[in-house]
Amino acid sequence: MDASRNEPGTRSMFSSRRKSNYDPKTGIYHSLIRLEGSHKIPTTANLDTATFVLSQFPSLDQSDMKVALIDSATNRRLTYRELRRSIHSLAAGLYQRFGVRKGDVIFVLSSNSIIYPTICLAILLVGGVLTTSNPINTESEITKQVLDSGAKLAIAAPVAMHKLLSTGIPTIVTTRDPLNTNEVSVEELIDSCESMELPENKQTQSDMAAVLYSSGTTGTSKGVILTHGNLISTITLLKWAAETTSAKDDIFLCFIPMFHIYGLVFFGLGLLCANTTTVLMNRFELQSMLEAIQTHKVNNIPAVPPVILAMVRYNGGGYDLSSLRSVGSGAAPLSKHVATRFREKFPWVDLKPGYGLTESCGAAAFFVSSEEAIARSAASGGLFPSFSAKVVDFESGIAQPPYSEGEIWLKGPTVMKGYLGNEAATSATIVSGGWLRTGDLGYFDEDGYLFIVDRIKELIKHNGYQVAPAELEAILLNHPHILDAAVIPLENEDAGEVPMAYIVRATGSELSEEQVMQFVAGQVAPYKKIKRVAFINEIPKSAAGKILRKDLMAQSKQTIKSKL
């Protein structure tokens with residue numbers, strides 16, 4: 001990485017003489033980074049997220065020239081001045097025409113669009129509480145979230161409007177529908193409402209700002225309560241990271257859904273504070289992404305493992321990707337094998353995995369430099385500034401030293417307030433001292449780098465041994481005839497559970513179940529061997545790229561039941 005893209009002194013913190021900051025007396029790992037000056041997290045009590053983000057925009061005399069957002073499909077551009085005006089106008093419309101007041105929950109049902117950040121920031125500015133959902137969710141899933149969150153108003157893309165009809169909730173469409181002039185749209189409110197000074201609503205950093213629902217890959221999703229303080233802290237950390245590791249005029253590409261914590265804090269809020277330009281895609285599609293990189297000279301892509309795997313496997317060529325300098329990976333584990341293959345194919349690109357979860361507002365660990373990431377290619381980076389962590393043994397509850405596995409516990413300013421209306425789940429997740437139990441199995445090395453092994457709930461219990469699905473999936477992806485793979489537990493009368501693999505074969509491949517099992521058997525201990533294989537057209541994944549194991553487990557049970 002070009003040293004000029006880092007702040008003076010930053011690189012020296014990450015030399016070969018790096019220390020883990022592990023305290024053997026307390027069992028706590030501390031971040032090695034201390035934020036200084038303008039990068040410090042604001043401590044002002046009476047501060048809300050939108051006001052903070054707007055205060056970071058370019059000065060008025062510069063905001064006309066600086067482009068904030070570009071629609072990759074239409075090439076429509078929004079400057080920081082236009083974005084500021086849109087946010088204030090929509091906030092005024094929500095306040096005046098729809099009576100939105102402090103604490104009102106607003107449900108947003110839309111895929112990425114150039115007005116998505118405007119919607120989120122306007123809701124927060126007027127004092128509303130933001131809750132978001134994937135527009136491809138079923139009507140019953142959407143209804144459940146509307147009721148659980150207590151939403152009083154919805155903002156939805158026209159194609160998803162019908163999924164809200166049974167809720168009876170008042171709804172604003174995102175864009176004008178010429179066939180239905182009775183519906184009020186966000187575009188209309190922005191155009192018709194004058195920007196106004198809203199009555200003081202006295203929001204504080206401790207007030208609820210958002211309720212974001214966890215993906216529920218292994219069970220029922222829960223509403224994660226994030227305060228303004230949580231969001232402001234995360235935004236500050238992301239702004240620092242962007243300014244530390246990127247050039248001033250870097251172009252970012254967004255296809256990560258902004259209804260997910262990863263996309264929301266990066267593109268809906270955080271990067272705007274760094275005054276970057278972001279190219280927005282409605283959704284991920286590989287060829288469209290490659291075209292966007294070439295057309296807009298994209299430099300940075302926060303991504304997820306399935307996207308990185310797709311880039312590794314893509315052999316079409318023909319696109320100029322020379323502008324690309326950095327690709328991040330989050331939301332799900334990135335295997336060492338895929339990371340190595342990516343670096344071999346794109347040697348000029350920095351690949352930097354990170355780690356976070358909805359309950360930590362998307363932040364926890366990351367890599368500052370590519371040198372770090374290459375040297376620890378299986379790691380998720382070091383702790384973000386202001387973070388501490390423990391690795392806790394399941395049985396004894398004792399905090400573990402470097403290289404010992406256990407549950408990762410986190411403490412930091414971005415940790416959630418709790419789960420909405422679920423005190424039992426909150427008390428089980430946030431324990432004494434404010435520690436967040438992540439449910440992730442992992443360890444730190446002697447230099448303070450975090451390694452995530454797998455989700456604890458996803459570990460396969462075989463004759464008293466624990467088998468990590470992610471380990472077996474990484475092995476399977478090494479096979480030249482396997483495009484994608486997922487491993488789940490399968491109930492077994494003798495062993496308790498055995499590993500079962502779902503495989504996506506390469507086009508034209510006749511790979512058999514026996515061949516898959518033999519391939520894995522030669523590389524693992526006997527208790528880790530794959531005992532059953534099923535072939536599938538596509539591995540079900542969440543919008544953030546996490547394998548939906550609960551769907552595969554339900555499918556396996558149904559298949560077994562149908563054969564009885």
# chains A, B, ... in the order shown; residues from 1 in each chain; ligands from 1
call {"tool": "closest_atom_pairs", "arguments": {"of": "range 437-485 of chain A", "to": "range 336-357 of chain A", "cutoff": "12 Å", "atoms": "only C-alpha atoms", "output": "CSV"}}
result
residue,atom,partner,partner_atom,distance
A:Arg437,CA,A:Leu357,CA,11.1
A:Thr438,CA,A:Leu357,CA,8.0
A:Gly439,CA,A:Leu357,CA,10.3
A:Asp440,CA,A:Leu357,CA,10.0
A:Gly442,CA,A:Tyr355,CA,11.5
A:Tyr449,CA,A:Gly354,CA,10.8
A:Leu450,CA,A:Tyr355,CA,8.7
A:Phe451,CA,A:Tyr355,CA,9.4
A:Ile452,CA,A:Tyr355,CA,8.5
A:Val453,CA,A:Lys336,CA,11.6
A:Arg455,CA,A:Leu357,CA,11.7
A:Ala470,CA,A:Lys336,CA,10.9
A:Glu471,CA,A:Lys336,CA,10.0
A:Leu472,CA,A:His337,CA,11.8
A:Glu473,CA,A:His337,CA,10.3
A:Ala474,CA,A:His337,CA,6.7
A:Ile475,CA,A:His337,CA,8.1
A:Leu476,CA,A:His337,CA,10.1
A:Leu477,CA,A:His337,CA,7.8
A:Asn478,CA,A:His337,CA,7.0
A:His479,CA,A:His337,CA,10.8
A:Leu483,CA,A:Val338,CA,11.6
A:Asp484,CA,A:Val338,CA,11.3
call {"tool": "write_last_selection", "arguments": {"atoms": "N, CA, C and O atoms", "output": "JSON list (two decimals), in the first residue's frame"}}
result
[["chain", "number", "residue", "atom", "x", "y", "z"],
["A", 437, "ARG", "N", -21.56, -10.83, 24.26],
["A", 437, "ARG", "CA", -21.23, -12.20, 23.86],
["A", 437, "ARG", "C", -21.59, -12.35, 22.38],
["A", 437, "ARG", "O", -22.77, -12.32, 22.03],
["A", 438, "THR", "N", -20.61, -12.52, 21.53],
["A", 438, "THR", "CA", -20.86, -12.49, 20.09],
["A", 438, "THR", "C", -21.44, -13.79, 19.55],
["A", 438, "THR", "O", -22.05, -13.80, 18.48],
["A", 439, "GLY", "N", -21.22, -14.91, 20.27],
["A", 439, "GLY", "CA", -21.64, -16.19, 19.73],
["A", 439, "GLY", "C", -20.67, -16.73, 18.69],
["A", 439, "GLY", "O", -20.93, -17.75, 18.06],
["A", 440, "ASP", "N", -19.52, -16.06, 18.54],
["A", 440, "ASP", "CA", -18.51, -16.50, 17.58],
["A", 440, "ASP", "C", -17.36, -17.19, 18.29],
["A", 440, "ASP", "O", -16.88, -16.71, 19.34],
["A", 442, "GLY", "N", -13.48, -18.13, 18.37],
["A", 442, "GLY", "CA", -12.26, -17.58, 17.78],
["A", 442, "GLY", "C", -11.13, -17.48, 18.78],
["A", 442, "GLY", "O", -11.22, -17.98, 19.91],
["A", 449, "TYR", "N", -4.04, -10.11, 16.60],
["A", 449, "TYR", "CA", -4.92, -10.30, 15.45],
["A", 449, "TYR", "C", -6.01, -11.30, 15.80],
["A", 449, "TYR", "O", -5.73, -12.35, 16.40],
["A", 450, "LEU", "N", -7.21, -11.01, 15.38],
["A", 450, "LEU", "CA", -8.37, -11.82, 15.69],
["A", 450, "LEU", "C", -8.63, -12.85, 14.60],
["A", 450, "LEU", "O", -8.67, -12.51, 13.41],
["A", 451, "PHE", "N", -8.84, -14.09, 15.00],
["A", 451, "PHE", "CA", -9.17, -15.18, 14.08],
["A", 451, "PHE", "C", -10.54, -15.73, 14.45],
["A", 451, "PHE", "O", -10.75, -16.18, 15.58],
["A", 452, "ILE", "N", -11.48, -15.68, 13.51],
["A", 452, "ILE", "CA", -12.81, -16.23, 13.74],
["A", 452, "ILE", "C", -12.86, -17.63, 13.15],
["A", 452, "ILE", "O", -12.58, -17.83, 11.97],
["A", 453, "VAL", "N", -13.25, -18.60, 13.97],
["A", 453, "VAL", "CA", -13.32, -19.99, 13.54],
["A", 453, "VAL", "C", -14.69, -20.31, 12.96],
["A", 453, "VAL", "O", -14.80, -20.87, 11.87],
["A", 455, "ARG", "N", -19.40, -19.73, 13.85],
["A", 455, "ARG", "CA", -20.45, -19.45, 14.81],
["A", 455, "ARG", "C", -20.58, -20.63, 15.76],
["A", 455, "ARG", "O", -20.59, -21.78, 15.33],
["A", 470, "ALA", "N", -17.20, -23.99, 8.72],
["A", 470, "ALA", "CA", -16.39, -23.10, 7.90],
["A", 470, "ALA", "C", -15.08, -23.75, 7.49],
["A", 470, "ALA", "O", -14.58, -23.52, 6.37],
["A", 471, "GLU", "N", -14.50, -24.58, 8.36],
["A", 471, "GLU", "CA", -13.26, -25.27, 8.03],
["A", 471, "GLU", "C", -13.47, -26.24, 6.88],
["A", 471, "GLU", "O", -12.67, -26.31, 5.93],
["A", 472, "LEU", "N", -14.56, -26.99, 6.92],
["A", 472, "LEU", "CA", -14.84, -27.96, 5.87],
["A", 472, "LEU", "C", -15.23, -27.27, 4.57],
["A", 472, "LEU", "O", -14.86, -27.72, 3.48],
["A", 473, "GLU", "N", -15.92, -26.15, 4.68],
["A", 473, "GLU", "CA", -16.30, -25.40, 3.46],
["A", 473, "GLU", "C", -15.06, -24.86, 2.75],
["A", 473, "GLU", "O", -14.99, -24.86, 1.52],
["A", 474, "ALA", "N", -14.08, -24.41, 3.53],
["A", 474, "ALA", "CA", -12.84, -23.90, 2.93],
["A", 474, "ALA", "C", -12.12, -25.01, 2.16],
["A", 474, "ALA", "O", -11.57, -24.78, 1.08],
["A", 475, "ILE", "N", -12.14, -26.23, 2.71],
["A", 475, "ILE", "CA", -11.52, -27.38, 2.03],
["A", 475, "ILE", "C", -12.28, -27.70, 0.75],
["A", 475, "ILE", "O", -11.68, -27.92, -0.32],
["A", 476, "LEU", "N", -13.59, -27.73, 0.82],
["A", 476, "LEU", "CA", -14.41, -28.06, -0.34],
["A", 476, "LEU", "C", -14.21, -27.07, -1.49],
["A", 476, "LEU", "O", -14.20, -27.46, -2.67],
["A", 477, "LEU", "N", -14.04, -25.80, -1.16],
["A", 477, "LEU", "CA", -13.86, -24.78, -2.20],
["A", 477, "LEU", "C", -12.52, -24.92, -2.92],
["A", 477, "LEU", "O", -12.31, -24.29, -3.95],
["A", 478, "ASN", "N", -11.64, -25.75, -2.38],
["A", 478, "ASN", "CA", -10.38, -26.02, -3.07],
["A", 478, "ASN", "C", -10.54, -26.97, -4.25],
["A", 478, "ASN", "O", -9.67, -27.06, -5.10],
["A", 479, "HIS", "N", -11.67, -27.68, -4.27],
["A", 479, "HIS", "CA", -11.89, -28.66, -5.33],
["A", 479, "HIS", "C", -12.21, -27.93, -6.64],
["A", 479, "HIS", "O", -13.07, -27.05, -6.66],
["A", 483, "LEU", "N", -18.13, -25.14, -7.19],
["A", 483, "LEU", "CA", -18.28, -23.68, -7.28],
["A", 483, "LEU", "C", -18.61, -23.07, -5.93],
["A", 483, "LEU", "O", -18.19, -21.97, -5.62],
["A", 484, "ASP", "N", -19.40, -23.77, -5.14],
["A", 484, "ASP", "CA", -19.78, -23.25, -3.82],
["A", 484, "ASP", "C", -20.17, -24.43, -2.94],
["A", 484, "ASP", "O", -20.50, -25.51, -3.43]]
call {"tool": "select_by_dssp", "arguments": {"residues": "range 246-410 of chain A", "states": "strand (DSSP E or B)", "output": "count of residues only"}}
result
36
call {"tool": "residues_around", "arguments": {"residues": "Arg76 in chain A", "least_positions_apart": "5", "cutoff": "10 Å", "atoms": "only C-alpha atoms", "output": "PyMOL selection string"}}
result
chain A and resi 69-71+114+279
call {"tool": "write_last_selection", "arguments": {"atoms": "C-alpha atoms", "output": "PDB file, in the first residue's frame"}}
result
ATOM      1  CA  LEU A  69     -23.506   9.708  -4.978  1.00  0.00           C
ATOM      2  CA  ILE A  70     -23.713   8.331  -8.529  1.00  0.00           C
ATOM      3  CA  ASP A  71     -26.402   5.949  -9.778  1.00  0.00           C
ATOM      4  CA  ILE A 114     -29.507   7.133  -4.808  1.00  0.00           C
ATOM      5  CA  VAL A 279     -21.217   4.712  -7.067  1.00  0.00           C
TER       6      VAL A 279
END
call {"tool": "closest_residue", "arguments": {"among": "A:Arg34, A:His462, A:Lys66, A:Arg101", "to": "Thr277 in chain A", "atoms": "only C-alpha atoms"}}
result
A:Lys66
call {"tool": "residues_around", "arguments": {"residues": "Thr79 in chain A", "least_positions_apart": "6", "cutoff": "6 Å", "atoms": "only C-alpha atoms", "output": "PDB file with all heavy atoms, in the first residue's frame"}}
result
ATOM      1  N   ASP A  64     -21.011  22.192  -3.816  1.00  0.00           N
ATOM      2  CA  ASP A  64     -21.581  22.161  -5.165  1.00  0.00           C
ATOM      3  C   ASP A  64     -20.707  21.374  -6.127  1.00  0.00           C
ATOM      4  O   ASP A  64     -21.188  20.806  -7.100  1.00  0.00           O
ATOM      5  CB  ASP A  64     -21.755  23.583  -5.704  1.00  0.00           C
ATOM      6  CG  ASP A  64     -23.216  24.008  -5.694  1.00  0.00           C
ATOM      7  OD1 ASP A  64     -24.068  23.117  -5.544  1.00  0.00           O
ATOM      8  OD2 ASP A  64     -23.488  25.203  -5.829  1.00  0.00           O
ATOM      9  N   LYS A  66     -18.444  18.878  -5.188  1.00  0.00           N
ATOM     10  CA  LYS A  66     -18.139  17.517  -4.746  1.00  0.00           C
ATOM     11  C   LYS A  66     -19.342  16.606  -4.936  1.00  0.00           C
ATOM     12  O   LYS A  66     -20.410  16.825  -4.366  1.00  0.00           O
ATOM     13  CB  LYS A  66     -17.715  17.523  -3.275  1.00  0.00           C
ATOM     14  CG  LYS A  66     -17.316  16.171  -2.731  1.00  0.00           C
ATOM     15  CD  LYS A  66     -16.064  15.627  -3.399  1.00  0.00           C
ATOM     16  CE  LYS A  66     -15.621  14.315  -2.791  1.00  0.00           C
ATOM     17  NZ  LYS A  66     -14.433  13.746  -3.420  1.00  0.00           N
ATOM     18  N   VAL A  67     -19.166  15.549  -5.718  1.00  0.00           N
ATOM     19  CA  VAL A  67     -20.242  14.583  -5.953  1.00  0.00           C
ATOM     20  C   VAL A  67     -20.265  13.579  -4.804  1.00  0.00           C
ATOM     21  O   VAL A  67     -19.236  12.984  -4.462  1.00  0.00           O
ATOM     22  CB  VAL A  67     -20.057  13.842  -7.287  1.00  0.00           C
ATOM     23  CG1 VAL A  67     -21.114  12.758  -7.459  1.00  0.00           C
ATOM     24  CG2 VAL A  67     -20.125  14.836  -8.446  1.00  0.00           C
ATOM     25  N   ALA A  68     -21.429  13.379  -4.230  1.00  0.00           N
ATOM     26  CA  ALA A  68     -21.580  12.425  -3.132  1.00  0.00           C
ATOM     27  C   ALA A  68     -21.959  11.047  -3.647  1.00  0.00           C
ATOM     28  O   ALA A  68     -21.358  10.041  -3.247  1.00  0.00           O
ATOM     29  CB  ALA A  68     -22.638  12.920  -2.142  1.00  0.00           C
TER      30      ALA A  68
END
call {"tool": "residues_around", "arguments": {"residues": "range 430-433 of chain A", "least_positions_apart": "4", "cutoff": "10 Å", "atoms": "only C-alpha atoms", "output": "ChimeraX atom specification"}}
result
/A:359,409-411,415-419,425-426,437-438
call {"tool": "select_by_dssp", "arguments": {"residues": "range 70-295 of chain A", "states": "alpha helix (DSSP H)", "output": "MDAnalysis selection string"}}
result
chainID A and resid 80:96 116:125 139:149 186:192 228:245 261:263 271:273 286:295
call {"tool": "residues_around", "arguments": {"residues": "Val173 in chain A", "least_positions_apart": "4", "cutoff": "7 Å", "atoms": "only C-alpha atoms", "output": "PyMOL selection string"}}
result
chain A and resi 155-158+183-186
call {"tool": "atom_distance", "arguments": {"atom1": "CA of Val368 in chain A", "atom2": "CA of Ser329 in chain A"}}
result
13.1 Å
